[in-house]
>>> print(open('model19.txt').read())   # compact mmCIF, C-alpha atoms
# COMPACT_ATOMS: atom_id res chain seq x y z
CA MET A 1 -79.31 -92.75 -38.79
CA GLN A 2 -81.70 -89.86 -38.13
CA LYS A 3 -78.91 -87.96 -36.37
CA LYS A 4 -76.64 -88.38 -39.42
CA ILE A 5 -79.40 -87.04 -41.65
CA VAL A 6 -79.88 -84.05 -39.37
CA TRP A 7 -76.18 -83.16 -39.56
CA LEU A 8 -76.17 -83.65 -43.32
CA LEU A 9 -79.14 -81.31 -43.63
CA LEU A 10 -77.26 -78.69 -41.63
CA LEU A 11 -74.27 -78.99 -43.96
CA ILE A 12 -76.50 -78.60 -47.00
CA ALA A 13 -78.25 -75.60 -45.50
CA GLY A 14 -74.83 -73.97 -45.00
CA VAL A 15 -75.39 -72.79 -41.42
CA ARG A 16 -72.74 -70.82 -39.66
CA VAL A 17 -72.14 -69.79 -36.08
CA SER A 18 -74.24 -66.97 -34.68
CA GLY A 19 -75.05 -67.66 -31.03
CA ARG A 20 -78.35 -67.09 -29.19
CA ALA A 21 -79.18 -67.42 -25.52
CA GLN A 22 -82.65 -69.01 -25.72
CA SER A 23 -83.32 -72.52 -26.89
CA MET A 24 -86.42 -73.60 -28.76
CA VAL A 25 -85.83 -77.24 -27.83
CA PRO A 26 -87.58 -77.28 -24.40
CA VAL A 27 -90.84 -75.99 -25.84
CA ILE A 28 -90.72 -78.46 -28.71
CA GLN A 29 -90.15 -81.27 -26.25
CA LYS A 30 -92.94 -79.98 -24.02
CA THR A 31 -95.47 -80.28 -26.84
CA GLN A 32 -94.44 -83.67 -28.13
CA SER A 33 -96.47 -85.75 -25.70
CA THR A 34 -99.52 -83.58 -26.40
CA ILE A 35 -99.09 -84.02 -30.13
CA ALA A 36 -98.75 -87.79 -29.76
CA GLN A 37 -101.88 -87.93 -27.58
CA ILE A 38 -103.92 -85.85 -30.03
CA GLU A 39 -103.10 -88.26 -32.83
CA LYS A 40 -103.69 -91.27 -30.60
CA ASP A 41 -107.15 -89.89 -29.83
CA GLY A 42 -107.89 -89.78 -33.55
CA ASP A 43 -107.79 -86.01 -33.93
CA VAL A 44 -105.49 -84.16 -36.32
CA VAL A 45 -102.64 -81.77 -35.63
CA ASP A 46 -103.09 -79.26 -38.43
CA VAL A 47 -100.13 -77.15 -37.32
CA ALA A 48 -97.51 -77.26 -34.59
CA LEU A 49 -95.35 -74.17 -34.63
CA TYR A 50 -92.63 -72.67 -32.44
CA ASP A 51 -91.54 -69.06 -32.37
CA TYR A 52 -90.71 -66.16 -30.04
CA ILE A 53 -92.75 -63.46 -28.41
CA PHE A 54 -90.93 -60.13 -28.17
CA LYS A 55 -91.55 -57.32 -25.73
CA ASP A 56 -90.75 -54.88 -28.53
CA ASN A 57 -93.69 -56.29 -30.48
CA ASN A 58 -96.17 -55.60 -27.68
CA SER A 59 -95.48 -59.14 -26.44
CA THR A 60 -97.80 -60.39 -29.18
CA TYR A 61 -97.36 -62.91 -31.99
CA SER A 62 -99.67 -63.18 -34.99
CA TYR A 63 -100.23 -66.14 -37.27
CA GLU A 64 -102.71 -66.51 -40.12
CA PHE A 65 -104.30 -69.85 -40.82
CA GLN A 66 -106.98 -71.24 -43.14
CA PHE A 67 -109.89 -72.57 -41.08
CA TYR A 68 -112.84 -74.44 -42.59
CA LYS A 69 -116.41 -73.97 -41.37
CA THR A 70 -117.08 -77.70 -41.67
CA ASP A 71 -114.53 -78.41 -38.93
CA SER A 72 -114.05 -77.49 -35.28
CA TYR A 73 -110.68 -76.67 -33.79
CA GLU A 74 -108.77 -76.15 -30.61
CA VAL A 75 -105.83 -73.75 -30.47
CA ARG A 76 -103.38 -74.48 -27.65
CA VAL A 77 -100.34 -72.47 -26.60
CA PHE A 78 -97.44 -73.62 -24.43
CA GLY A 79 -94.81 -71.40 -22.84
CA ASP A 80 -91.22 -72.22 -21.98
CA ASP A 81 -91.87 -71.76 -18.24
CA LEU A 82 -88.69 -69.71 -17.84
CA ARG A 83 -89.45 -66.48 -19.61
CA THR A 84 -93.12 -66.64 -20.54
CA GLY A 85 -95.91 -66.05 -18.04
CA THR A 86 -99.57 -66.40 -18.90
CA PHE A 87 -101.03 -66.41 -22.38
CA MET A 88 -104.13 -65.00 -24.04
CA ILE A 89 -105.29 -66.25 -27.42
CA ARG A 90 -107.49 -64.22 -29.76
CA ILE A 91 -108.85 -65.36 -33.11
CA LEU A 92 -109.77 -62.60 -35.54
CA ARG A 93 -111.56 -62.44 -38.85
CA TYR A 94 -111.03 -59.80 -41.54
CA VAL A 95 -114.36 -58.05 -42.08
CA GLY A 96 -114.52 -55.05 -44.39
CA THR A 97 -111.29 -53.23 -43.58
CA LEU A 98 -110.72 -54.40 -40.02
CA TRP A 99 -109.75 -57.47 -38.10
CA GLN A 100 -112.59 -58.36 -35.74
CA LYS A 101 -112.38 -60.66 -32.76
CA VAL A 102 -114.27 -63.92 -33.22
CA GLU A 103 -113.03 -65.92 -30.24
CA GLN A 104 -110.63 -65.55 -27.34
CA THR A 105 -109.48 -67.29 -24.17
CA ASP A 106 -111.52 -66.50 -21.07
CA ILE A 107 -108.53 -66.01 -18.76
CA ALA A 108 -104.79 -65.87 -19.19
CA MET A 109 -103.06 -69.13 -18.33
CA ALA A 110 -99.58 -70.55 -18.47
CA ASP A 111 -100.69 -73.05 -21.09
CA ALA A 112 -103.77 -71.58 -22.74
CA SER A 113 -106.33 -73.02 -25.12
CA VAL A 114 -109.44 -71.93 -26.96
CA THR A 115 -111.96 -73.92 -28.99
CA PHE A 116 -113.17 -72.46 -32.24
CA THR A 117 -115.82 -73.27 -34.83
CA PRO A 118 -115.27 -70.95 -37.80
CA PRO A 119 -118.32 -69.12 -39.17
CA ALA A 120 -116.78 -69.24 -42.65
CA SER A 121 -113.98 -71.03 -44.49
CA GLU A 122 -111.23 -68.44 -44.85
CA ARG A 123 -107.94 -67.25 -43.37
CA TYR A 124 -108.17 -66.07 -39.78
CA ARG A 125 -105.56 -64.36 -37.65
CA ILE A 126 -104.52 -65.96 -34.37
CA GLU A 127 -102.98 -63.51 -31.90
CA VAL A 128 -101.02 -64.90 -28.99
CA SER A 129 -100.07 -62.42 -26.29
CA CYS A 130 -98.04 -63.15 -23.22
CA GLY A 131 -96.68 -61.48 -20.11
CA LEU A 132 -92.92 -61.99 -20.09
CA LEU A 133 -91.42 -62.81 -16.71
CA GLY A 134 -89.01 -60.50 -14.94
CA SER A 135 -86.74 -58.47 -17.17
CA ASN A 136 -86.96 -60.87 -20.10
CA THR A 137 -87.53 -59.20 -23.46
CA SER A 138 -88.47 -62.36 -25.34
CA GLY A 139 -89.76 -65.85 -24.69
CA CYS A 140 -90.23 -68.98 -26.75
CA PHE A 141 -93.62 -70.59 -27.15
CA GLY A 142 -95.31 -73.40 -29.03
CA MET A 143 -98.75 -73.43 -30.62
CA ILE A 144 -100.79 -76.44 -31.70
CA ILE A 145 -103.88 -76.17 -33.91
CA LYS A 146 -105.92 -79.33 -33.38
CA ARG A 147 -108.74 -80.28 -35.72
CA LYS A 148 -111.35 -82.50 -34.14
CA GLU A 149 -112.30 -85.60 -36.08
CA MET B 1 -104.57 -89.88 -38.15
CA GLY B 2 -107.83 -88.57 -39.56
CA SER B 3 -109.41 -88.70 -42.97
CA CYS B 4 -106.55 -86.79 -44.58
CA PHE B 5 -104.57 -89.93 -45.08
CA ALA B 6 -107.14 -92.37 -46.44
CA GLY B 7 -105.63 -95.03 -48.68
CA THR B 8 -104.80 -93.86 -52.17
CA ALA B 9 -103.65 -95.30 -55.45
CA PHE B 10 -100.12 -94.17 -54.58
CA ALA B 11 -99.93 -96.07 -51.29
CA GLN B 12 -96.22 -96.70 -51.82
CA TYR B 13 -95.34 -94.95 -48.57
CA GLN B 14 -97.03 -94.44 -45.27
CA PRO B 15 -97.61 -90.80 -44.31
CA SER B 16 -95.64 -89.50 -41.38
CA THR B 17 -97.40 -88.47 -38.18
CA ALA B 18 -97.20 -84.96 -36.80
CA ALA B 19 -95.30 -86.48 -33.88
CA GLU B 20 -92.65 -87.92 -36.23
CA MET B 21 -92.23 -84.72 -38.22
CA THR B 22 -92.11 -82.59 -35.05
CA ASP B 23 -89.56 -84.95 -33.57
CA PHE B 24 -87.40 -84.61 -36.69
CA ILE B 25 -87.71 -80.83 -36.63
CA GLY B 26 -86.76 -80.90 -32.95
CA GLN B 27 -83.59 -82.80 -33.82
CA VAL B 28 -82.66 -80.25 -36.49
CA VAL B 29 -83.30 -77.41 -34.05
CA GLN B 30 -81.26 -79.12 -31.35
CA ALA B 31 -78.34 -79.77 -33.69
CA THR B 32 -78.49 -76.18 -34.97
CA GLU B 33 -78.41 -74.74 -31.47
CA LYS B 34 -75.60 -77.07 -30.39
CA LYS B 35 -73.49 -75.47 -33.11
CA GLY B 36 -74.20 -72.08 -31.55
CA GLU B 37 -76.73 -70.96 -34.17
CA ALA B 38 -80.28 -69.71 -33.88
CA VAL B 39 -83.62 -71.09 -35.03
CA ILE B 40 -86.24 -68.36 -34.93
CA HIS B 41 -89.22 -70.32 -36.26
CA SER B 42 -90.10 -73.92 -36.82
CA GLU B 43 -93.34 -75.42 -37.96
CA CYS B 44 -94.95 -78.71 -38.86
CA GLY B 45 -98.19 -78.82 -40.79
CA ILE B 46 -100.26 -80.64 -43.35
CA PHE B 47 -99.87 -80.09 -47.05
CA THR B 48 -103.10 -81.21 -48.62
CA ILE B 49 -103.98 -81.63 -52.24
CA ARG B 50 -107.58 -82.50 -51.49
CA THR B 51 -108.61 -79.00 -52.59
CA ASN B 52 -107.99 -77.33 -55.92
CA ARG B 53 -105.30 -75.20 -54.35
CA GLN B 54 -102.15 -77.29 -54.65
CA ALA B 55 -100.11 -74.92 -52.59
CA MET B 56 -99.75 -73.80 -49.00
CA PHE B 57 -97.83 -70.94 -47.44
CA SER B 58 -96.67 -69.69 -44.09
CA THR B 59 -95.43 -66.17 -43.33
CA ARG B 60 -92.97 -64.48 -41.00
CA MET B 61 -91.42 -61.07 -40.53
CA LEU B 62 -87.70 -61.02 -41.29
CA TYR B 63 -85.31 -58.20 -40.48
CA PRO B 64 -82.16 -56.52 -41.84
CA GLY B 65 -78.87 -57.20 -40.15
CA HIS B 66 -79.46 -60.93 -40.38
CA GLU B 67 -78.93 -63.71 -42.86
CA TYR B 68 -81.60 -66.37 -42.93
CA THR B 69 -81.66 -69.91 -44.23
CA VAL B 70 -85.18 -71.20 -44.77
CA ILE B 71 -85.51 -74.97 -44.96
CA LEU B 72 -88.74 -76.46 -46.25
CA LEU B 73 -89.13 -80.23 -46.22
CA SER B 74 -91.81 -82.83 -46.81
CA ASP B 75 -92.51 -86.41 -45.87
CA ARG B 76 -92.47 -89.24 -48.40
CA MET B 77 -96.08 -88.63 -49.44
CA ILE B 78 -94.81 -85.45 -51.13
CA PRO B 79 -91.78 -86.52 -53.17
CA ASN B 80 -91.48 -83.32 -55.21
CA PHE B 81 -92.44 -79.73 -54.48
CA LYS B 82 -91.19 -76.28 -55.37
CA PHE B 83 -90.36 -73.67 -52.71
CA VAL B 84 -91.38 -70.15 -53.73
CA LEU B 85 -90.34 -67.17 -51.61
CA TRP B 86 -92.55 -64.07 -51.61
CA ARG B 87 -92.13 -60.65 -50.02
CA ARG B 88 -94.98 -58.36 -49.06
CA GLU B 89 -94.72 -54.91 -50.63
CA GLY B 90 -97.72 -52.84 -49.66
CA ASP B 91 -100.84 -54.76 -50.59
CA ASN B 92 -99.00 -57.02 -53.00
CA TRP B 93 -96.89 -60.11 -52.71
CA VAL B 94 -93.79 -60.00 -54.90
CA ARG B 95 -92.08 -63.23 -55.87
CA VAL B 96 -88.39 -62.94 -55.00
CA ASP B 97 -86.86 -66.42 -55.24
CA SER B 98 -87.63 -70.07 -55.73
CA SER B 99 -85.96 -73.42 -55.25
CA ASN B 100 -86.52 -76.76 -56.90
CA GLN B 101 -83.23 -78.48 -56.10
CA ASN B 102 -84.80 -81.78 -54.94
CA LEU B 103 -82.11 -82.00 -52.28
CA VAL B 104 -83.15 -85.36 -50.83
CA LYS B 105 -82.60 -86.98 -54.22
CA ALA B 106 -79.73 -84.71 -55.29
CA LYS B 107 -77.76 -85.36 -52.10
CA ASN B 108 -78.83 -89.01 -51.96
CA ILE B 109 -80.22 -88.61 -48.45
CA GLN B 110 -81.44 -91.96 -47.19
CA SER B 111 -84.43 -91.33 -44.94
CA THR B 112 -87.65 -93.13 -44.03
CA LEU B 113 -89.25 -89.73 -43.33
CA LEU B 114 -88.15 -87.24 -45.97
CA GLY B 115 -89.65 -86.88 -49.43
CA ASP B 116 -88.18 -83.61 -50.65
CA MET B 117 -86.22 -80.70 -49.23
CA GLU B 118 -85.59 -77.18 -50.53
CA THR B 119 -83.61 -74.28 -49.05
CA VAL B 120 -83.40 -70.58 -49.76
CA GLN B 121 -81.03 -68.05 -48.21
CA LEU B 122 -81.84 -64.38 -47.90
CA GLN B 123 -80.61 -61.19 -46.32
CA PRO B 124 -83.42 -58.60 -46.12
CA GLN B 125 -82.61 -54.96 -46.62
CA THR B 126 -85.67 -53.81 -44.69
CA SER B 127 -88.08 -55.33 -42.19
CA GLN B 128 -90.72 -57.03 -44.27
CA GLU B 129 -93.08 -59.95 -44.18
CA TYR B 130 -92.05 -62.98 -46.22
CA ALA B 131 -94.16 -65.93 -47.31
CA PHE B 132 -92.76 -69.43 -47.76
CA GLN B 133 -94.88 -71.29 -50.25
CA MET B 134 -94.87 -74.98 -51.02
CA VAL B 135 -96.22 -75.76 -54.48
CA SER B 136 -97.04 -79.25 -55.68
CA ILE B 137 -95.35 -79.95 -58.99
CA SER B 138 -95.81 -83.67 -59.30
CA ASP B 139 -98.92 -85.74 -59.81
CA LYS B 140 -97.34 -88.27 -57.46
CA ASN B 141 -97.78 -85.92 -54.49
CA GLU B 142 -100.31 -86.92 -51.87
CA THR B 143 -101.45 -85.27 -48.65
CA GLY B 144 -98.60 -85.34 -46.20
CA HIS B 145 -96.66 -83.37 -43.59
CA TYR B 146 -94.30 -80.50 -44.22
CA GLY B 147 -91.66 -79.02 -41.96
CA LEU B 148 -90.37 -75.45 -41.98
CA ILE B 149 -87.26 -74.25 -40.16
CA ILE B 150 -85.86 -70.71 -40.29
CA GLN B 151 -82.25 -70.36 -39.19
CA GLN B 152 -80.79 -66.94 -38.37
CA ARG B 153 -77.26 -65.59 -38.16
CA PRO B 154 -75.74 -62.10 -38.26
CA ALA B 155 -75.46 -60.55 -41.71
CA SER B 156 -72.17 -61.32 -43.45
CA THR B 157 -71.51 -57.63 -44.26
CA THR B 158 -72.47 -54.46 -42.42
CA ASP B 159 -72.77 -52.14 -45.38
CA GLY B 160 -75.66 -53.98 -47.03
CA SER B 161 -73.79 -54.48 -50.29
CA THR B 162 -75.05 -58.05 -50.61
CA SER B 163 -78.49 -56.67 -51.15
CA GLY B 164 -81.87 -57.97 -52.18
CA ASN B 165 -82.60 -61.39 -50.78
CA GLY B 166 -78.85 -61.92 -50.54
CA GLY B 167 -76.88 -64.97 -51.47
CA GLN B 168 -73.99 -66.96 -50.25
CA SER B 169 -71.33 -64.44 -51.29
CA ASN B 170 -69.13 -62.67 -48.81
CA ALA B 171 -68.56 -59.38 -50.67
CA ARG B 172 -64.91 -58.55 -51.42
CA THR B 173 -63.06 -55.56 -52.79
CA GLY B 174 -63.46 -55.52 -56.57
CA ASP B 175 -66.85 -57.27 -56.52
CA ARG B 176 -69.35 -55.69 -58.89
CA PHE B 177 -72.97 -56.66 -58.29
CA PHE B 178 -75.89 -56.65 -60.69
CA LYS B 179 -79.32 -56.87 -59.17
CA THR B 180 -82.13 -58.00 -61.47
CA ARG B 181 -85.86 -58.42 -61.27
CA GLY B 182 -87.59 -60.78 -63.64
CA TYR B 183 -86.24 -62.65 -66.61
CA GLU B 184 -87.27 -64.47 -69.74
CA TRP B 185 -85.50 -67.38 -71.35
CA ALA B 186 -85.67 -69.56 -74.42
CA TYR B 187 -83.80 -72.39 -76.08
CA LEU B 188 -81.93 -71.51 -79.24
CA LYS B 189 -81.24 -73.37 -82.47
CA LYS B 190 -78.94 -72.58 -85.32
CA ASP B 191 -80.59 -71.64 -88.58
CA ALA B 192 -79.15 -73.92 -91.29
CA ASN B 193 -79.16 -71.22 -93.96
CA SER B 194 -77.92 -68.15 -92.13
CA ASP B 195 -75.97 -69.86 -89.33
CA ARG B 196 -77.69 -67.45 -86.92
CA MET B 197 -79.07 -68.54 -83.56
CA LEU B 198 -82.87 -68.39 -83.48
CA VAL B 199 -85.36 -68.95 -80.67
CA ASP B 200 -86.41 -72.59 -80.55
CA GLY B 201 -89.90 -72.71 -79.03
CA GLU B 202 -91.51 -70.13 -76.78
CA TRP B 203 -90.06 -67.54 -74.42
CA GLN B 204 -90.66 -68.46 -70.78
CA LYS B 205 -90.97 -65.72 -68.18
CA SER B 206 -90.34 -65.45 -64.47
CA THR B 207 -90.61 -62.61 -61.95
CA ASP B 208 -87.88 -64.02 -59.67
CA GLU B 209 -85.26 -61.58 -58.48
CA GLY B 210 -81.65 -62.20 -59.41
CA LEU B 211 -78.20 -61.20 -58.19
CA PHE B 212 -74.91 -61.53 -60.10
CA MET B 213 -71.35 -60.78 -59.03
CA ALA B 214 -68.32 -60.16 -61.22
CA ASN B 215 -64.76 -59.76 -59.96
CA ALA B 216 -62.27 -59.47 -62.80
CA GLY B 217 -59.29 -59.31 -60.46
CA ARG B 218 -60.18 -62.70 -59.01
CA SER B 219 -61.44 -64.15 -62.33
CA ASP B 220 -64.68 -64.85 -60.51
CA PHE B 221 -68.25 -64.59 -61.75
CA GLN B 222 -71.22 -65.91 -59.85
CA GLN B 223 -74.96 -66.02 -60.18
CA LEU B 224 -76.17 -65.80 -56.58
CA GLN B 225 -79.90 -65.54 -57.14
CA PRO B 226 -82.39 -66.96 -57.83
CA THR B 227 -81.34 -69.96 -55.82
CA SER B 228 -82.60 -72.33 -58.50
CA LEU B 229 -80.13 -70.86 -61.02
CA ALA B 230 -77.17 -70.24 -58.68
CA ALA B 231 -73.90 -70.95 -60.48
CA LYS B 232 -70.17 -70.26 -60.32
CA TYR B 233 -67.93 -69.44 -63.26
CA THR B 234 -64.34 -68.60 -64.04
CA LEU B 235 -64.19 -65.15 -65.59
CA ASN B 236 -61.76 -65.67 -68.45
CA SER B 237 -61.89 -62.22 -69.99
CA SER B 238 -64.14 -59.22 -70.51
CA LYS B 239 -64.60 -56.59 -73.19
CA THR B 240 -66.47 -53.31 -73.29
CA GLN B 241 -67.87 -52.04 -76.56
CA ASN B 242 -70.42 -49.25 -77.05
CA GLY B 243 -71.20 -49.31 -73.35
CA VAL B 244 -71.95 -53.05 -73.30
CA VAL B 245 -69.72 -55.17 -71.08
CA ALA B 246 -69.23 -58.75 -72.19
CA TYR B 247 -67.93 -61.37 -69.75
CA TYR B 248 -66.53 -64.58 -71.24
CA LEU B 249 -66.98 -67.37 -68.70
CA THR B 250 -66.47 -71.03 -68.02
CA HIS B 251 -68.97 -72.73 -65.72
CA THR B 252 -67.59 -75.07 -63.02
CA SER B 253 -68.92 -77.92 -65.21
CA GLY B 254 -66.64 -76.78 -68.03
CA ILE B 255 -69.42 -75.35 -70.19
CA ALA B 256 -68.71 -71.99 -71.79
CA ALA B 257 -71.01 -69.05 -71.14
CA THR B 258 -71.18 -65.39 -72.15
CA VAL B 259 -72.84 -62.64 -70.15
CA GLU B 260 -73.47 -59.21 -71.63
CA VAL B 261 -74.50 -56.29 -69.44
CA ASP B 262 -76.11 -53.40 -71.27
CA ALA B 263 -76.56 -50.61 -68.74
CA ALA B 264 -78.43 -48.35 -71.17
CA ARG B 265 -81.06 -50.98 -71.94
CA GLN B 266 -80.92 -52.34 -68.36
CA LYS B 267 -80.41 -55.87 -69.60
CA LEU B 268 -78.14 -58.69 -68.50
CA THR B 269 -78.09 -61.47 -71.07
CA LEU B 270 -76.60 -64.90 -70.51
CA TRP B 271 -75.88 -67.40 -73.29
CA SER B 272 -74.85 -70.96 -72.54
CA LYS B 273 -75.73 -74.60 -73.07
CA SER B 274 -77.72 -77.11 -71.05
CA SER B 275 -77.79 -80.81 -71.89
CA GLY B 276 -76.33 -79.91 -75.26
CA ARG B 277 -78.99 -77.29 -76.08
CA ASP B 278 -78.13 -73.63 -76.48
CA TYR B 279 -80.25 -71.21 -74.46
CA VAL B 280 -80.43 -67.51 -73.63
CA ILE B 281 -81.74 -65.81 -70.49
CA VAL B 282 -82.46 -62.08 -70.50
CA TYR B 283 -82.62 -60.41 -67.08
CA THR B 284 -83.87 -56.90 -66.33
CA VAL B 285 -81.23 -55.03 -64.36
CA VAL B 286 -82.58 -52.78 -61.60
CA GLU B 287 -79.34 -51.84 -59.88
CA SER B 288 -75.60 -52.28 -60.21
CA TYR B 289 -73.00 -51.34 -57.62
CA ASP B 290 -69.47 -52.01 -56.50
CA HIS B 291 -68.40 -53.34 -53.13
>>> encode(input="model19.txt", output="C-alpha cells")
Amino acid sequence: MQKKIVWLLLLIAGVRVSGRAQSMVPVIQKTQSTIAQIEKDGDVVDVALYDYIFKDNNSTYSYEFQFYKTDSYEVRVFGDDLRTGTFMIRILRYVGTLWQKVEQTDIAMADASVTFTPPASERYRIEVSCGLLGSNTSGCFGMIIKRKE
Amino acid sequence: MGSCFAGTAFAQYQPSTAAEMTDFIGQVVQATEKKGEAVIHSECGIFTIRTNRQAMFSTRMLYPGHEYTVILLSDRMIPNFKFVLWRREGDNWVRVDSSNQNLVKAKNIQSTLLGDMETVQLQPQTSQEYAFQMVSISDKNETGHYGLIIQQRPASTTDGSTSGNGGQSNARTGDRFFKTRGYEWAYLKKDANSDRMLVDGEWQKSTDEGLFMANAGRSDFQQLQPTSLAAKYTLNSSKTQNGVVAYYLTHTSGIAATVEVDAARQKLTLWSKSSGRDYVIVYTVVESYDH
C-alpha cells in the first residue's frame, strides 16, 4: 500500500525524466538504523536531512537550524562511502556582523559527530565540509540532529 | 519519542516516528531515482506548535537551468498546513508562491502516515536561496513530523521564457506571458438600483508572484502561478480597445471569466465566479513577453 502511495505522489508531483548518476538512497538507508536507535533510547531526532556536497562549493554544505539553550544536541554526519571521505562539522553563531565558530569536531572522520549545548536560543549555522574521494566532484551525505531527552 | 508528543485533546492519531517518516521519504526518493530523475535534497523534521511561532522553514540554494518540484508533507498530527515559498533578495525574503491544495484529501490518498501534502514547481532565473515554509492553518494541528523532498530535472526551455518561479507550461510559438507580482481580490455583488457590480466586503492582498499565458492561435489561456490559483481556460475571443486587451475565457469547469490587461496601468484584472459568487482579482504586471 505504501508503494502505491509513493507512486501516486510522484504522479501528483508531475516528475519527469532527468537522469543523475548518484543515488541518495544508500545514505538514507545507512542512517535508518541510527534513527531508530535514537528514538528507542528515548532521544529525539529533530532533523534528518540528505543532500550533496559539491567540490565547486568548497566541498562545504551549510544548514541553519534553531537550537534552544535549554536542550543539548548531537550533530552526526554520514557519508556515502563511495565518494565522500572524512567530514568536519562546525557550528557557528551570528554575532554582530559575522558568523563565529561555537563548536566543531576535533578530527575529521568518515562518520563525524559533535555534541553541542547552545549558549542562546537562536538560529545557528551548521557547516559540514568533506574531502571528496578521487576525482569525484560531489558526494551525498546525511545529517542527523539529535536532541537529548 | 520525547516530550514533544505528550497526549493531547486531539489524540485521534498517533504521531509518526522519525524512522517512519524517513522510511517513507526513502521510498519516494527510491521511486524517483528508479524513474531516472534526481532528488537533490530530502529532509525529515519536527513541526512544533508548542511555541508561538506556528511555522517552520528550511532553505536551499536553487539554480537556473533546472526545474524543481518541491514536495512538503506532514504526518496525521498535522492535517492541514500551507506551503509558502520565499526567495532571498539581498537582506530580504520575498514571498513568491504558496500552495494550499490539501492534496492528501483532494486526491483521496489513503495513508496511515500522511496528514497533508503540498507541492510547488519553480524554475529559477538566477542562483538564489529559497525558503520552504510550513504554516499551520488549522487549530487541529498538533506537533508532528514533516517531510521535504526537492526533485530536479533540466529546464523545459533553454531561453528562459518560462520565467519567474516557472510553471508547468512548455512554452510554444504564439505564447504571450504576463508576469505579475502581488495582487488584491474581493468578492463582488450587484447593486440593486444601478445594476453595477460593487465590492462585497474587504479587499484582500497578497504579495505572491503570478504568471499568465495567452495563446490566441491555440485558444489557450492559463494561469500558471501562483500554484494555489493555477487554472486553465479556453480563450474564446479577445478584443483590444484603448490599449486594453480583453480576453473572454471559459474555465475548464465551464465557468466564464474575463481577463483585461492594461499595459499602461500595469494591471491584469480577472473577473469570474466561485461557488456562485462573483469576484475580481487585480494583479500588478511587472513584465510581459512573447515566446
>>> closest_atom_pairs(input="model19.txt", of="chain B", to="chain A", cutoff="7 Å", atoms="only C-alpha atoms", output="Markdown table")
| residue | atom | partner | partner_atom | distance |
| --- | --- | --- | --- | --- |
| B:Met1 | CA | A:Gly42 | CA | 5.7 |
| B:Gly2 | CA | A:Val44 | CA | 6.0 |
| B:Ala18 | CA | A:Val45 | CA | 6.4 |
| B:Ala19 | CA | A:Ala36 | CA | 5.5 |
| B:Gly26 | CA | A:Ile28 | CA | 6.3 |
| B:Gln27 | CA | A:Val6 | CA | 6.8 |
| B:Val28 | CA | A:Val6 | CA | 5.5 |
| B:Val29 | CA | A:Val25 | CA | 6.7 |
| B:Gln30 | CA | A:Val25 | CA | 6.1 |
| B:Lys35 | CA | A:Val17 | CA | 6.6 |
| B:Gly36 | CA | A:Gly19 | CA | 4.5 |
| B:Glu37 | CA | A:Ser18 | CA | 4.7 |
| B:Ala38 | CA | A:Arg20 | CA | 5.7 |
| B:Ile40 | CA | A:Asp51 | CA | 5.9 |
| B:His41 | CA | A:Asp51 | CA | 4.7 |
| B:Ser42 | CA | A:Tyr50 | CA | 5.2 |
| B:Glu43 | CA | A:Leu49 | CA | 4.1 |
| B:Cys44 | CA | A:Ala48 | CA | 5.2 |
| B:Gly45 | CA | A:Val47 | CA | 4.3 |
| B:Ile46 | CA | A:Asp46 | CA | 5.8 |
| B:Thr69 | CA | A:Ala13 | CA | 6.8 |
| B:Thr119 | CA | A:Ala13 | CA | 6.6 |
| B:Arg153 | CA | A:Ser18 | CA | 4.8 |
| B:Pro154 | CA | A:Ser18 | CA | 6.2 |
>>> residues_around(input="model19.txt", residues="Asp116 in chain B", least_positions_apart="3", cutoff="9 Å", atoms="only C-alpha atoms", output="ChimeraX atom specification")
/B:72-76,78-81,101-105
>>> closest_residue(input="model19.txt", among="B:Leu270, B:Met56, B:Ala214, B:Ala106", to="Arg123 in chain A", atoms="all atoms listed in the file")
B:Met56
>>> residues_near_point(input="model19.txt", point="(-107.8, -64.0, -36.0)", cutoff="6 Å", atoms="only C-alpha atoms", output="PyMOL selection string")
chain A and resi 91-93+124-126
>>> atom_distance(input="model19.txt", atom1="CA of Pro118 in chain A", atom2="CA of Lys69 in chain A")
4.8 Å
>>> atom_distance(input="model19.txt", atom1="CA of Lys82 in chain B", atom2="CA of Ile150 in chain B")
16.9 Å
>>> atom_distance(input="model19.txt", atom1="CA of Ser238 in chain B", atom2="CA of Lys189 in chain B")
25.2 Å
>>> residues_around(input="model19.txt", residues="Gln225 in chain B", least_positions_apart="4", cutoff="7 Å", atoms="all atoms listed in the file", output="compact mmCIF listing (two decimals) with C-alpha atoms, in the frame of the given file")
# COMPACT_ATOMS: atom_id res chain seq x y z
CA GLY B 167 -76.88 -64.97 -51.47
CA GLU B 209 -85.26 -61.58 -58.48
CA GLY B 210 -81.65 -62.20 -59.41
CA LEU B 211 -78.20 -61.20 -58.19
CA LEU B 229 -80.13 -70.86 -61.02
CA ALA B 230 -77.17 -70.24 -58.68
>>> closest_residue(input="model19.txt", among="A:Thr60, A:Ser121, A:Phe54, A:Tyr68", to="Arg90 in chain A", atoms="all atoms listed in the file")
A:Thr60
>>> closest_residue(input="model19.txt", among="B:Thr17, B:Ser206, B:Asn242, B:Ser274", to="Ser98 in chain B", atoms="all atoms listed in the file")
B:Ser206
>>> decode(input="model19.txt", residues="range 95-100 of chain A", atoms="N, CA and C atoms", output="PDB file, in the first residue's frame")
ATOM      1  N   VAL A  95      27.170  36.731  15.314  1.00  0.00           N
ATOM      2  CA  VAL A  95      27.436  37.729  16.351  1.00  0.00           C
ATOM      3  C   VAL A  95      27.851  39.025  15.667  1.00  0.00           C
ATOM      4  N   GLY A  96      27.085  40.073  15.910  1.00  0.00           N
ATOM      5  CA  GLY A  96      27.389  41.350  15.247  1.00  0.00           C
ATOM      6  C   GLY A  96      27.134  41.214  13.761  1.00  0.00           C
ATOM      7  N   THR A  97      28.221  41.199  12.975  1.00  0.00           N
ATOM      8  CA  THR A  97      28.070  41.070  11.522  1.00  0.00           C
ATOM      9  C   THR A  97      28.760  39.829  10.988  1.00  0.00           C
ATOM     10  N   LEU A  98      29.210  38.957  11.862  1.00  0.00           N
ATOM     11  CA  LEU A  98      29.989  37.803  11.423  1.00  0.00           C
ATOM     12  C   LEU A  98      29.464  36.509  12.026  1.00  0.00           C
ATOM     13  N   TRP A  99      29.710  35.448  11.296  1.00  0.00           N
ATOM     14  CA  TRP A  99      29.456  34.115  11.850  1.00  0.00           C
ATOM     15  C   TRP A  99      30.695  33.684  12.629  1.00  0.00           C
ATOM     16  N   GLN A 100      30.506  33.329  13.884  1.00  0.00           N
ATOM     17  CA  GLN A 100      31.627  32.911  14.720  1.00  0.00           C
ATOM     18  C   GLN A 100      31.478  31.447  15.125  1.00  0.00           C
TER      19      GLN A 100
END
